[in-house]
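Structure below is work_27.cif: mmCIF, N, CA, C and O atoms.
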```cif
data_data
#
loop_
_atom_site.label_atom_id
_atom_site.label_comp_id
_atom_site.auth_asym_id
_atom_site.auth_seq_id
_atom_site.Cartn_x
_atom_site.Cartn_y
_atom_site.Cartn_z
N MET A 281 0.83 -1.18 0.00
CA MET A 281 0.00 0.00 0.00
C MET A 281 0.87 1.23 0.00
O MET A 281 1.88 1.28 0.67
N SER A 282 0.37 2.16 -0.69
CA SER A 282 1.16 3.39 -0.74
C SER A 282 0.79 4.29 0.41
O SER A 282 -0.30 4.21 0.97
N GLU A 283 1.66 5.15 0.72
CA GLU A 283 1.45 6.06 1.84
C GLU A 283 0.59 7.24 1.45
O GLU A 283 0.16 8.00 2.30
N SER A 284 0.30 7.40 0.24
CA SER A 284 -0.52 8.52 -0.17
C SER A 284 -1.99 8.17 0.04
O SER A 284 -2.40 7.04 -0.13
N SER A 285 -2.78 9.13 0.45
CA SER A 285 -4.20 8.86 0.68
C SER A 285 -5.01 9.47 -0.44
O SER A 285 -4.70 10.53 -0.95
N SER A 286 -6.01 8.74 -0.83
CA SER A 286 -6.85 9.21 -1.90
C SER A 286 -8.16 9.77 -1.40
O SER A 286 -8.94 10.31 -2.15
N ALA A 287 -8.45 9.61 -0.08
CA ALA A 287 -9.70 10.12 0.48
C ALA A 287 -9.39 11.25 1.43
O ALA A 287 -8.35 11.30 2.07
N GLN A 288 -10.33 12.15 1.49
CA GLN A 288 -10.16 13.27 2.40
C GLN A 288 -11.16 13.12 3.54
O GLN A 288 -12.34 12.87 3.30
N ILE A 289 -10.74 13.21 4.77
CA ILE A 289 -11.60 13.09 5.94
C ILE A 289 -12.23 14.43 6.21
O ILE A 289 -11.54 15.44 6.35
N ILE A 290 -13.55 14.41 6.27
CA ILE A 290 -14.29 15.65 6.55
C ILE A 290 -14.83 15.55 7.97
O ILE A 290 -15.66 14.67 8.27
N PRO A 291 -14.40 16.36 8.88
CA PRO A 291 -14.90 16.28 10.26
C PRO A 291 -16.34 16.78 10.34
O PRO A 291 -16.74 17.67 9.60
N PHE A 292 -17.12 16.16 11.26
CA PHE A 292 -18.48 16.64 11.50
C PHE A 292 -18.41 17.99 12.19
O PHE A 292 -17.50 18.24 13.00
N PRO A 293 -19.38 18.83 11.88
CA PRO A 293 -19.35 20.12 12.56
C PRO A 293 -19.64 19.92 14.05
O PRO A 293 -20.40 19.04 14.44
N ALA A 294 -19.03 20.70 14.88
CA ALA A 294 -19.22 20.60 16.33
C ALA A 294 -20.62 21.07 16.67
O ALA A 294 -21.14 22.01 16.08
N ARG A 295 -21.22 20.36 17.64
CA ARG A 295 -22.57 20.76 18.08
C ARG A 295 -22.49 21.99 18.96
O ARG A 295 -21.59 22.12 19.79
N ALA A 296 -23.47 22.80 18.78
CA ALA A 296 -23.54 23.97 19.66
C ALA A 296 -24.10 23.49 20.99
O ALA A 296 -25.12 22.81 21.03
N THR A 297 -23.47 23.81 22.07
CA THR A 297 -23.93 23.38 23.38
C THR A 297 -24.97 24.36 23.88
O THR A 297 -24.82 25.57 23.74
N ALA A 298 -26.04 23.78 24.45
CA ALA A 298 -27.11 24.62 25.00
C ALA A 298 -26.63 25.18 26.32
O ALA A 298 -25.90 24.53 27.06
N PRO A 299 -27.03 26.39 26.63
CA PRO A 299 -26.63 26.95 27.92
C PRO A 299 -27.21 26.10 29.04
O PRO A 299 -28.29 25.53 28.93
N ALA A 300 -26.49 26.00 30.14
CA ALA A 300 -26.90 25.15 31.25
C ALA A 300 -28.23 25.61 31.83
O ALA A 300 -29.09 24.81 32.16
N GLU A 301 -28.43 26.86 31.97
CA GLU A 301 -29.67 27.38 32.55
C GLU A 301 -30.17 28.49 31.64
O GLU A 301 -29.50 29.51 31.46
N SER A 302 -31.31 28.29 31.05
CA SER A 302 -31.86 29.28 30.13
C SER A 302 -32.75 30.23 30.91
O SER A 302 -33.58 29.81 31.71
N THR A 303 -32.57 31.49 30.68
CA THR A 303 -33.38 32.49 31.38
C THR A 303 -34.53 32.97 30.51
O THR A 303 -35.28 33.84 30.92
N THR A 304 -34.67 32.37 29.33
CA THR A 304 -35.75 32.79 28.45
C THR A 304 -37.04 32.10 28.87
O THR A 304 -37.04 31.05 29.50
N GLU A 305 -38.14 32.71 28.54
CA GLU A 305 -39.46 32.16 28.83
C GLU A 305 -39.68 30.91 27.98
O GLU A 305 -39.25 30.86 26.83
N PRO A 306 -40.34 29.87 28.56
CA PRO A 306 -40.61 28.68 27.75
C PRO A 306 -41.61 29.02 26.65
O PRO A 306 -42.47 29.90 26.81
N THR A 307 -41.51 28.28 25.59
CA THR A 307 -42.46 28.48 24.50
C THR A 307 -43.83 27.97 24.94
O THR A 307 -43.93 27.21 25.92
N PRO A 308 -44.89 28.37 24.26
CA PRO A 308 -46.22 27.85 24.63
C PRO A 308 -46.28 26.33 24.59
O PRO A 308 -46.90 25.71 25.44
N ALA A 309 -45.59 25.71 23.66
CA ALA A 309 -45.59 24.24 23.58
C ALA A 309 -44.89 23.65 24.80
O ALA A 309 -45.36 22.67 25.39
N GLU A 310 -43.77 24.27 25.21
CA GLU A 310 -43.06 23.78 26.40
C GLU A 310 -43.91 23.97 27.66
O GLU A 310 -43.93 23.11 28.54
N ALA A 311 -44.61 25.08 27.72
CA ALA A 311 -45.48 25.34 28.88
C ALA A 311 -46.62 24.32 28.93
O ALA A 311 -46.94 23.79 30.01
N ARG A 312 -47.23 24.02 27.77
CA ARG A 312 -48.29 23.00 27.71
C ARG A 312 -47.74 21.65 28.12
O ARG A 312 -48.38 20.90 28.87
N LEU A 313 -46.55 21.31 27.64
CA LEU A 313 -45.93 20.04 27.98
C LEU A 313 -45.66 19.95 29.48
O LEU A 313 -45.93 18.93 30.12
N THR A 314 -45.17 21.03 30.05
CA THR A 314 -44.91 21.06 31.49
C THR A 314 -46.20 20.87 32.27
O THR A 314 -46.25 20.09 33.23
N ARG A 315 -47.27 21.57 31.86
CA ARG A 315 -48.57 21.41 32.54
C ARG A 315 -49.09 19.99 32.39
O ARG A 315 -49.60 19.40 33.34
N ALA A 316 -48.94 19.43 31.18
CA ALA A 316 -49.42 18.06 30.95
C ALA A 316 -48.63 17.06 31.79
O ALA A 316 -49.22 16.14 32.39
N LEU A 317 -47.34 17.23 31.88
CA LEU A 317 -46.52 16.32 32.69
C LEU A 317 -46.85 16.46 34.17
O LEU A 317 -46.90 15.46 34.90
N ASN A 318 -47.09 17.68 34.63
CA ASN A 318 -47.50 17.89 36.03
C ASN A 318 -48.85 17.24 36.29
O ASN A 318 -49.06 16.60 37.32
N GLY A 319 -49.78 17.40 35.35
CA GLY A 319 -51.09 16.76 35.49
C GLY A 319 -50.97 15.24 35.51
O GLY A 319 -51.63 14.56 36.30
N LEU A 320 -50.12 14.71 34.65
CA LEU A 320 -49.91 13.27 34.61
C LEU A 320 -49.30 12.78 35.91
O LEU A 320 -49.72 11.75 36.46
N ASN A 321 -48.33 13.51 36.43
CA ASN A 321 -47.71 13.15 37.71
C ASN A 321 -48.75 13.17 38.83
O ASN A 321 -48.80 12.25 39.66
N ASN A 322 -49.61 14.19 38.85
CA ASN A 322 -50.67 14.25 39.87
C ASN A 322 -51.64 13.09 39.73
O ASN A 322 -52.09 12.52 40.72
N ALA A 323 -51.97 12.74 38.48
CA ALA A 323 -52.89 11.62 38.25
C ALA A 323 -52.28 10.30 38.71
O ALA A 323 -52.97 9.47 39.31
N VAL A 324 -51.00 10.11 38.46
CA VAL A 324 -50.33 8.89 38.89
C VAL A 324 -50.29 8.82 40.41
O VAL A 324 -50.53 7.77 41.01
N THR A 325 -50.01 9.95 41.05
CA THR A 325 -50.01 9.99 42.52
C THR A 325 -51.39 9.67 43.07
O THR A 325 -51.52 8.88 44.02
N ALA A 326 -52.43 10.25 42.48
CA ALA A 326 -53.80 9.96 42.92
C ALA A 326 -54.16 8.50 42.67
O ALA A 326 -54.82 7.86 43.49
N GLN A 327 -53.70 7.96 41.54
CA GLN A 327 -53.95 6.55 41.22
C GLN A 327 -53.30 5.64 42.25
O GLN A 327 -53.89 4.65 42.68
N ARG A 328 -52.09 5.96 42.65
CA ARG A 328 -51.41 5.16 43.68
C ARG A 328 -52.17 5.19 44.99
O ARG A 328 -52.33 4.16 45.65
N ALA A 329 -52.65 6.38 45.37
CA ALA A 329 -53.43 6.50 46.60
C ALA A 329 -54.72 5.69 46.50
O ALA A 329 -55.12 5.02 47.45
N ALA A 330 -55.37 5.76 45.34
CA ALA A 330 -56.61 5.00 45.14
C ALA A 330 -56.35 3.49 45.19
O ALA A 330 -57.14 2.74 45.78
N MET A 331 -55.25 3.04 44.62
CA MET A 331 -54.90 1.61 44.65
C MET A 331 -54.62 1.16 46.08
O MET A 331 -55.03 0.08 46.49
N THR A 332 -53.94 2.00 46.85
CA THR A 332 -53.66 1.67 48.24
C THR A 332 -54.96 1.56 49.02
O THR A 332 -55.16 0.61 49.80
N ALA A 333 -55.88 2.51 48.81
CA ALA A 333 -57.18 2.47 49.49
C ALA A 333 -57.97 1.24 49.06
O ALA A 333 -58.63 0.58 49.88
N TRP A 334 -57.92 0.90 47.77
CA TRP A 334 -58.64 -0.26 47.24
C TRP A 334 -58.09 -1.55 47.86
O TRP A 334 -58.86 -2.43 48.26
N LYS A 335 -56.76 -1.66 47.94
CA LYS A 335 -56.16 -2.85 48.54
C LYS A 335 -56.55 -2.96 50.02
O LYS A 335 -56.82 -4.05 50.52
N SER A 336 -56.59 -1.83 50.70
CA SER A 336 -57.00 -1.83 52.10
C SER A 336 -58.45 -2.27 52.24
O SER A 336 -58.80 -3.06 53.11
N ALA A 337 -59.31 -1.76 51.35
CA ALA A 337 -60.72 -2.14 51.37
C ALA A 337 -60.89 -3.63 51.07
O ALA A 337 -61.73 -4.30 51.69
N LEU A 338 -60.08 -4.17 50.16
CA LEU A 338 -60.15 -5.61 49.88
C LEU A 338 -59.73 -6.42 51.11
O LEU A 338 -60.33 -7.46 51.40
N GLY A 339 -58.73 -5.94 51.82
CA GLY A 339 -58.31 -6.61 53.05
C GLY A 339 -59.42 -6.59 54.09
O GLY A 339 -59.69 -7.61 54.75
N ASP A 340 -60.07 -5.43 54.22
CA ASP A 340 -61.19 -5.33 55.16
C ASP A 340 -62.33 -6.25 54.75
O ASP A 340 -62.94 -6.91 55.60
N LEU A 341 -62.61 -6.29 53.46
CA LEU A 341 -63.68 -7.16 52.95
C LEU A 341 -63.35 -8.62 53.22
O LEU A 341 -64.23 -9.40 53.62
N ARG A 342 -62.10 -9.00 53.03
CA ARG A 342 -61.68 -10.38 53.30
C ARG A 342 -61.91 -10.72 54.77
O ARG A 342 -62.41 -11.79 55.11
N THR A 343 -61.56 -9.79 55.65
CA THR A 343 -61.74 -10.01 57.08
C THR A 343 -63.22 -10.15 57.43
O THR A 343 -63.62 -11.07 58.15
N VAL A 344 -64.03 -9.25 56.91
CA VAL A 344 -65.47 -9.26 57.21
C VAL A 344 -66.14 -10.51 56.65
O VAL A 344 -66.96 -11.14 57.34
N THR A 345 -65.78 -10.90 55.42
CA THR A 345 -66.40 -12.11 54.86
C THR A 345 -65.94 -13.35 55.61
O THR A 345 -66.71 -14.31 55.74
N GLY A 346 -64.72 -13.34 56.12
CA GLY A 346 -64.26 -14.45 56.95
C GLY A 346 -65.08 -14.56 58.23
O GLY A 346 -65.49 -15.66 58.62
N ARG A 347 -65.32 -13.41 58.86
CA ARG A 347 -66.15 -13.41 60.07
C ARG A 347 -67.58 -13.86 59.75
O ARG A 347 -68.18 -14.60 60.53
N LEU A 348 -68.10 -13.38 58.63
CA LEU A 348 -69.46 -13.78 58.23
C LEU A 348 -69.51 -15.29 58.00
O LEU A 348 -70.46 -15.96 58.42
N GLY A 349 -68.50 -15.84 57.34
CA GLY A 349 -68.45 -17.28 57.12
C GLY A 349 -68.43 -18.04 58.44
O GLY A 349 -69.13 -19.05 58.60
N ASP A 350 -67.63 -17.55 59.40
CA ASP A 350 -67.60 -18.19 60.71
C ASP A 350 -68.97 -18.13 61.38
O ASP A 350 -69.43 -19.12 61.96
N SER A 351 -69.61 -16.96 61.31
CA SER A 351 -70.94 -16.82 61.91
C SER A 351 -71.96 -17.75 61.27
O SER A 351 -72.77 -18.37 61.97
N LEU A 352 -71.90 -17.86 59.95
CA LEU A 352 -72.84 -18.75 59.26
C LEU A 352 -72.59 -20.22 59.62
O LEU A 352 -73.54 -20.98 59.79
N ARG A 353 -71.32 -20.60 59.76
CA ARG A 353 -71.03 -21.98 60.18
C ARG A 353 -71.55 -22.24 61.59
O ARG A 353 -72.14 -23.29 61.86
N ASN A 354 -71.34 -21.27 62.49
CA ASN A 354 -71.86 -21.42 63.86
C ASN A 354 -73.39 -21.50 63.86
O ASN A 354 -73.98 -22.30 64.60
N TYR A 355 -74.03 -20.66 63.04
CA TYR A 355 -75.49 -20.67 62.95
C TYR A 355 -75.97 -22.02 62.41
O TYR A 355 -76.94 -22.59 62.92
N ASN A 356 -75.27 -22.54 61.39
CA ASN A 356 -75.63 -23.84 60.83
C ASN A 356 -75.48 -24.95 61.88
O ASN A 356 -76.33 -25.84 61.99
N ASP A 357 -74.40 -24.88 62.66
CA ASP A 357 -74.22 -25.86 63.74
C ASP A 357 -75.35 -25.76 64.76
O ASP A 357 -75.88 -26.78 65.22
N SER A 358 -75.72 -24.51 65.12
CA SER A 358 -76.81 -24.32 66.08
C SER A 358 -78.12 -24.88 65.53
O SER A 358 -78.89 -25.51 66.27
N LEU A 359 -78.37 -24.66 64.25
CA LEU A 359 -79.59 -25.21 63.63
C LEU A 359 -79.56 -26.74 63.64
O LEU A 359 -80.59 -27.38 63.85
N GLY A 360 -78.39 -27.32 63.43
CA GLY A 360 -78.28 -28.78 63.48
C GLY A 360 -78.59 -29.31 64.86
O GLY A 360 -79.32 -30.31 65.01
N HIS A 361 -78.06 -28.65 65.90
CA HIS A 361 -78.36 -29.06 67.28
C HIS A 361 -79.85 -28.89 67.60
O HIS A 361 -80.46 -29.75 68.24
N LEU A 362 -80.42 -27.76 67.14
CA LEU A 362 -81.84 -27.52 67.36
C LEU A 362 -82.68 -28.58 66.66
O LEU A 362 -83.66 -29.08 67.23
N ASP A 363 -82.29 -28.94 65.43
CA ASP A 363 -83.02 -29.98 64.69
C ASP A 363 -82.99 -31.30 65.47
O ASP A 363 -84.02 -31.98 65.58
N ALA A 364 -81.83 -31.64 66.01
CA ALA A 364 -81.73 -32.88 66.78
C ALA A 364 -82.63 -32.82 68.02
O ALA A 364 -83.32 -33.80 68.35
N ARG A 365 -82.65 -31.67 68.69
CA ARG A 365 -83.50 -31.54 69.89
C ARG A 365 -84.99 -31.61 69.53
O ARG A 365 -85.78 -32.23 70.23
N VAL A 366 -85.38 -30.97 68.41
CA VAL A 366 -86.78 -31.01 67.97
C VAL A 366 -87.19 -32.44 67.63
O VAL A 366 -88.29 -32.90 67.98
N LYS A 367 -86.29 -33.20 66.96
CA LYS A 367 -86.59 -34.59 66.63
C LYS A 367 -86.78 -35.42 67.90
O LYS A 367 -87.68 -36.25 67.98
N THR A 368 -85.92 -35.16 68.90
CA THR A 368 -86.06 -35.87 70.17
C THR A 368 -87.38 -35.53 70.84
O THR A 368 -88.10 -36.43 71.33
N LEU A 369 -87.72 -34.24 70.85
CA LEU A 369 -89.00 -33.83 71.45
C LEU A 369 -90.19 -34.41 70.70
O LEU A 369 -91.18 -34.82 71.30
N ARG A 370 -90.08 -34.46 69.37
CA ARG A 370 -91.17 -35.03 68.58
C ARG A 370 -91.34 -36.52 68.92
O ARG A 370 -92.47 -37.01 69.08
N THR A 371 -90.23 -37.22 69.02
CA THR A 371 -90.29 -38.64 69.37
C THR A 371 -90.96 -38.81 70.74
O THR A 371 -91.83 -39.69 70.91
N GLU A 372 -90.59 -37.97 71.68
CA GLU A 372 -91.18 -38.04 73.02
C GLU A 372 -92.67 -37.68 72.97
O GLU A 372 -93.49 -38.30 73.66
N ALA A 373 -93.03 -36.69 72.15
CA ALA A 373 -94.44 -36.30 72.03
C ALA A 373 -95.26 -37.43 71.42
O ALA A 373 -96.40 -37.69 71.84
N VAL A 374 -94.71 -38.12 70.42
CA VAL A 374 -95.42 -39.25 69.80
C VAL A 374 -95.62 -40.36 70.83
O VAL A 374 -96.70 -40.95 70.93
N LYS A 375 -94.60 -40.62 71.65
CA LYS A 375 -94.72 -41.64 72.70
C LYS A 375 -95.77 -41.24 73.72
O LYS A 375 -96.60 -42.06 74.15
N LEU A 376 -95.76 -39.96 74.10
CA LEU A 376 -96.74 -39.46 75.08
C LEU A 376 -98.15 -39.53 74.50
O LEU A 376 -99.10 -39.91 75.21
N GLU A 377 -98.30 -39.19 73.23
CA GLU A 377 -99.61 -39.27 72.59
C GLU A 377 -100.10 -40.72 72.55
O GLU A 377 -101.27 -41.00 72.84
N ALA A 378 -99.22 -41.65 72.22
CA ALA A 378 -99.59 -43.07 72.20
C ALA A 378 -99.98 -43.53 73.60
O ALA A 378 -100.96 -44.27 73.77
N TRP A 379 -99.25 -43.12 74.61
CA TRP A 379 -99.56 -43.48 75.99
C TRP A 379 -100.94 -42.93 76.37
O TRP A 379 -101.76 -43.64 76.96
N ALA A 380 -101.18 -41.63 76.02
CA ALA A 380 -102.48 -41.01 76.37
C ALA A 380 -103.62 -41.72 75.64
O ALA A 380 -104.68 -41.96 76.22
N ASP A 381 -103.42 -42.06 74.36
CA ASP A 381 -104.47 -42.79 73.62
C ASP A 381 -104.73 -44.15 74.27
O ASP A 381 -105.87 -44.59 74.37
N ASP A 382 -103.68 -44.80 74.72
CA ASP A 382 -103.81 -46.10 75.37
C ASP A 382 -104.57 -45.97 76.68
O ASP A 382 -105.47 -46.80 76.98
N VAL A 383 -104.26 -44.93 77.44
CA VAL A 383 -104.96 -44.72 78.73
C VAL A 383 -106.43 -44.42 78.47
O VAL A 383 -107.31 -44.96 79.15
N LEU A 384 -106.74 -43.58 77.51
CA LEU A 384 -108.13 -43.26 77.20
C LEU A 384 -108.87 -44.48 76.67
O LEU A 384 -110.06 -44.66 76.97
N ALA A 385 -108.20 -45.32 75.91
CA ALA A 385 -108.84 -46.52 75.35
C ALA A 385 -109.19 -47.49 76.49
O ALA A 385 -110.23 -48.15 76.46
N LYS A 386 -108.34 -47.57 77.50
CA LYS A 386 -108.57 -48.48 78.60
C LYS A 386 -109.72 -47.99 79.48
O LYS A 386 -110.44 -48.79 80.07
N LYS A 387 -109.93 -46.68 79.60
CA LYS A 387 -110.98 -46.11 80.42
C LYS A 387 -112.33 -46.19 79.71
O LYS A 387 -113.36 -46.17 80.35
N GLY A 388 -112.33 -46.18 78.54
CA GLY A 388 -113.57 -45.98 77.88
C GLY A 388 -114.11 -47.02 77.06
O GLY A 388 -115.08 -47.50 76.85
#
```
Translate this structure into structure tokens?
Amino acid sequence: MSESSSAQIIPFPARATAPAESTTEPTPAEARLTRALNGLNNAVTAQRAAMTAWKSALGDLRTVTGRLGDSLRNYNDSLGHLDARVKTLRTEAVKLEAWADDVLAKKG
């Protein structure tokens, strides 16, 4: 290879650096964008608060439905015991009725 070069390197133009802090007023588009971003940030913050409240309400609902389930099971157990007692009383009433019919039949 020869030492002569046939291509010329063209450097890219240097970028103009933006000032670190601009003292100019934002354009209307920048102001709208800033307001929209602030609104979006507020909406996300409100959404987070709503999700936290919703999760708390779900936890409360889980607790309450658990208690309700326990109460219903206890009520069902009480009804089962009452049913057994009513059956016993019915059996005794049938026996008493048969005894009374027998006594009346013997007298009359």
**helix (DSSP H, G or I) residues, from DSSP on the backbone, in chain A, as number ranges by chain** = A: 308-387
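Taking atom CA of A:Pro306 as the reference point, atom CA of A:Asn322 is found at 21.4 Å.
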**Message:** To one decimal place in Å, what is the distance between atom O of A:Lys375 and atom CA of A:Leu359?
**Reply:** 26.2 Å
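We find atom CA of A:Asn321 and atom C of A:Ala309 to be spaced 16.9 Å apart.
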